[in-house]
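S.K.: Following this message is one structure expressed as structure tokens.
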Amino acid sequence: MSLSPTAAAAAVALGCAFAAPASADPFTLCDPVTVTGPSPFAPGCGGPGEAGPSSVLYENGEVEPSVAASPTNTDNVVGFWQQDR
């Protein structure tokens with residue numbers, strides 16, 4: 001047995017009427033926090049042929065930083081970046 005399009009639309013509308021609204025804690029800023037240190041990689045750690053002749057090593061450089069917070073627990077925050085690209 002399948003629902004008619006009208007019955008399906010009514011079921012979706014009824015489900016949406018009783019769904020809990022989304023919410024989030026207020027966003028607050030704090031002072032910057034250093035999360036990285038000197039490069040953990042030894043010079044030449046990639047070995048011969050790792051990079052092209054025109055490649056540049058930006059030692060101690062962190063690029064493309066990102067951060068994400070859990071939608072269910074805002075105390076759970078993860079940061080990530082690319083090291084020494």
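Starting from 1 in every chain, residues are counted up; chains themselves are A, B, ... following the order of the structure tokens, and ligands are numbered from 1 as listed.
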Tell me which protein, DNA and RNA residues are within 12 Å of Leu57 in chain A, counting only C-alpha atoms, leaving out same-chain ones fewer than 4 positions away, and put them as a PDB file with N, CA and C atoms, in the first residue's frame.

M.R.:
ATOM      1  N   SER A  39      57.988  23.207  13.686  1.00  0.00           N
ATOM      2  CA  SER A  39      57.723  22.072  12.808  1.00  0.00           C
ATOM      3  C   SER A  39      58.195  20.764  13.439  1.00  0.00           C
ATOM      4  N   PHE A  41      58.732  18.168  11.664  1.00  0.00           N
ATOM      5  CA  PHE A  41      59.370  17.440  10.582  1.00  0.00           C
ATOM      6  C   PHE A  41      60.821  17.864  10.405  1.00  0.00           C
ATOM      7  N   ALA A  42      61.708  16.878  10.284  1.00  0.00           N
ATOM      8  CA  ALA A  42      63.128  17.162  10.038  1.00  0.00           C
ATOM      9  C   ALA A  42      63.290  17.619   8.594  1.00  0.00           C
ATOM     10  N   PRO A  43      64.265  18.520   8.341  1.00  0.00           N
ATOM     11  CA  PRO A  43      64.508  18.937   6.954  1.00  0.00           C
ATOM     12  C   PRO A  43      64.786  17.716   6.071  1.00  0.00           C
ATOM     13  N   GLY A  44      64.143  17.654   4.914  1.00  0.00           N
ATOM     14  CA  GLY A  44      64.359  16.552   3.979  1.00  0.00           C
ATOM     15  C   GLY A  44      63.683  15.256   4.388  1.00  0.00           C
ATOM     16  N   CYS A  45      62.724  15.311   5.308  1.00  0.00           N
ATOM     17  CA  CYS A  45      62.102  14.079   5.816  1.00  0.00           C
ATOM     18  C   CYS A  45      61.344  13.316   4.735  1.00  0.00           C
ATOM     19  N   GLY A  46      60.976  13.988   3.649  1.00  0.00           N
ATOM     20  CA  GLY A  46      60.244  13.314   2.579  1.00  0.00           C
ATOM     21  C   GLY A  46      61.126  12.457   1.702  1.00  0.00           C
ATOM     22  N   GLU A  50      60.652  13.793  -3.207  1.00  0.00           N
ATOM     23  CA  GLU A  50      59.413  14.135  -2.504  1.00  0.00           C
ATOM     24  C   GLU A  50      58.775  15.384  -3.101  1.00  0.00           C
ATOM     25  N   ALA A  51      59.582  16.366  -3.433  1.00  0.00           N
ATOM     26  CA  ALA A  51      59.060  17.631  -3.957  1.00  0.00           C
ATOM     27  C   ALA A  51      59.784  17.984  -5.253  1.00  0.00           C
ATOM     28  N   GLY A  52      59.102  18.785  -6.058  1.00  0.00           N
ATOM     29  CA  GLY A  52      59.712  19.220  -7.310  1.00  0.00           C
ATOM     30  C   GLY A  52      60.806  20.254  -7.075  1.00  0.00           C
ATOM     31  N   PRO A  53      61.641  20.526  -8.102  1.00  0.00           N
ATOM     32  CA  PRO A  53      62.758  21.467  -7.948  1.00  0.00           C
ATOM     33  C   PRO A  53      62.310  22.892  -7.611  1.00  0.00           C
ATOM     34  N   GLY A  61      54.963  26.837   9.075  1.00  0.00           N
ATOM     35  CA  GLY A  61      53.770  27.506   8.555  1.00  0.00           C
ATOM     36  C   GLY A  61      52.570  26.575   8.609  1.00  0.00           C
ATOM     37  N   GLU A  62      51.473  27.090   9.109  1.00  0.00           N
ATOM     38  CA  GLU A  62      50.221  26.334   9.136  1.00  0.00           C
ATOM     39  C   GLU A  62      49.256  27.022   8.183  1.00  0.00           C
ATOM     40  N   GLN A  83      50.433  21.394   7.946  1.00  0.00           N
ATOM     41  CA  GLN A  83      51.696  21.818   8.525  1.00  0.00           C
ATOM     42  C   GLN A  83      52.796  21.854   7.465  1.00  0.00           C
ATOM     43  N   ASP A  84      53.556  22.939   7.432  1.00  0.00           N
ATOM     44  CA  ASP A  84      54.765  23.057   6.585  1.00  0.00           C
ATOM     45  C   ASP A  84      54.520  22.747   5.116  1.00  0.00           C
ATOM     46  N   ARG A  85      53.458  23.267   4.557  1.00  0.00           N
ATOM     47  CA  ARG A  85      53.170  22.965   3.155  1.00  0.00           C
ATOM     48  C   ARG A  85      54.064  23.757   2.252  1.00  0.00           C
TER      49      ARG A  85
END

S.K.: CA of Glu59 in chain A and CA of Asp31 in chain A, how far apart in Å?

M.R.: 25.1 Å

S.K.: For Phe27 in chain A, which residue among A:Val56, A:Ala69, A:Val63, A:Val78 is the nearest when counting only C-alpha atoms?

M.R.: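 Ranked by minimum distance to Phe27 in chain A, first place goes to A:Ala69.
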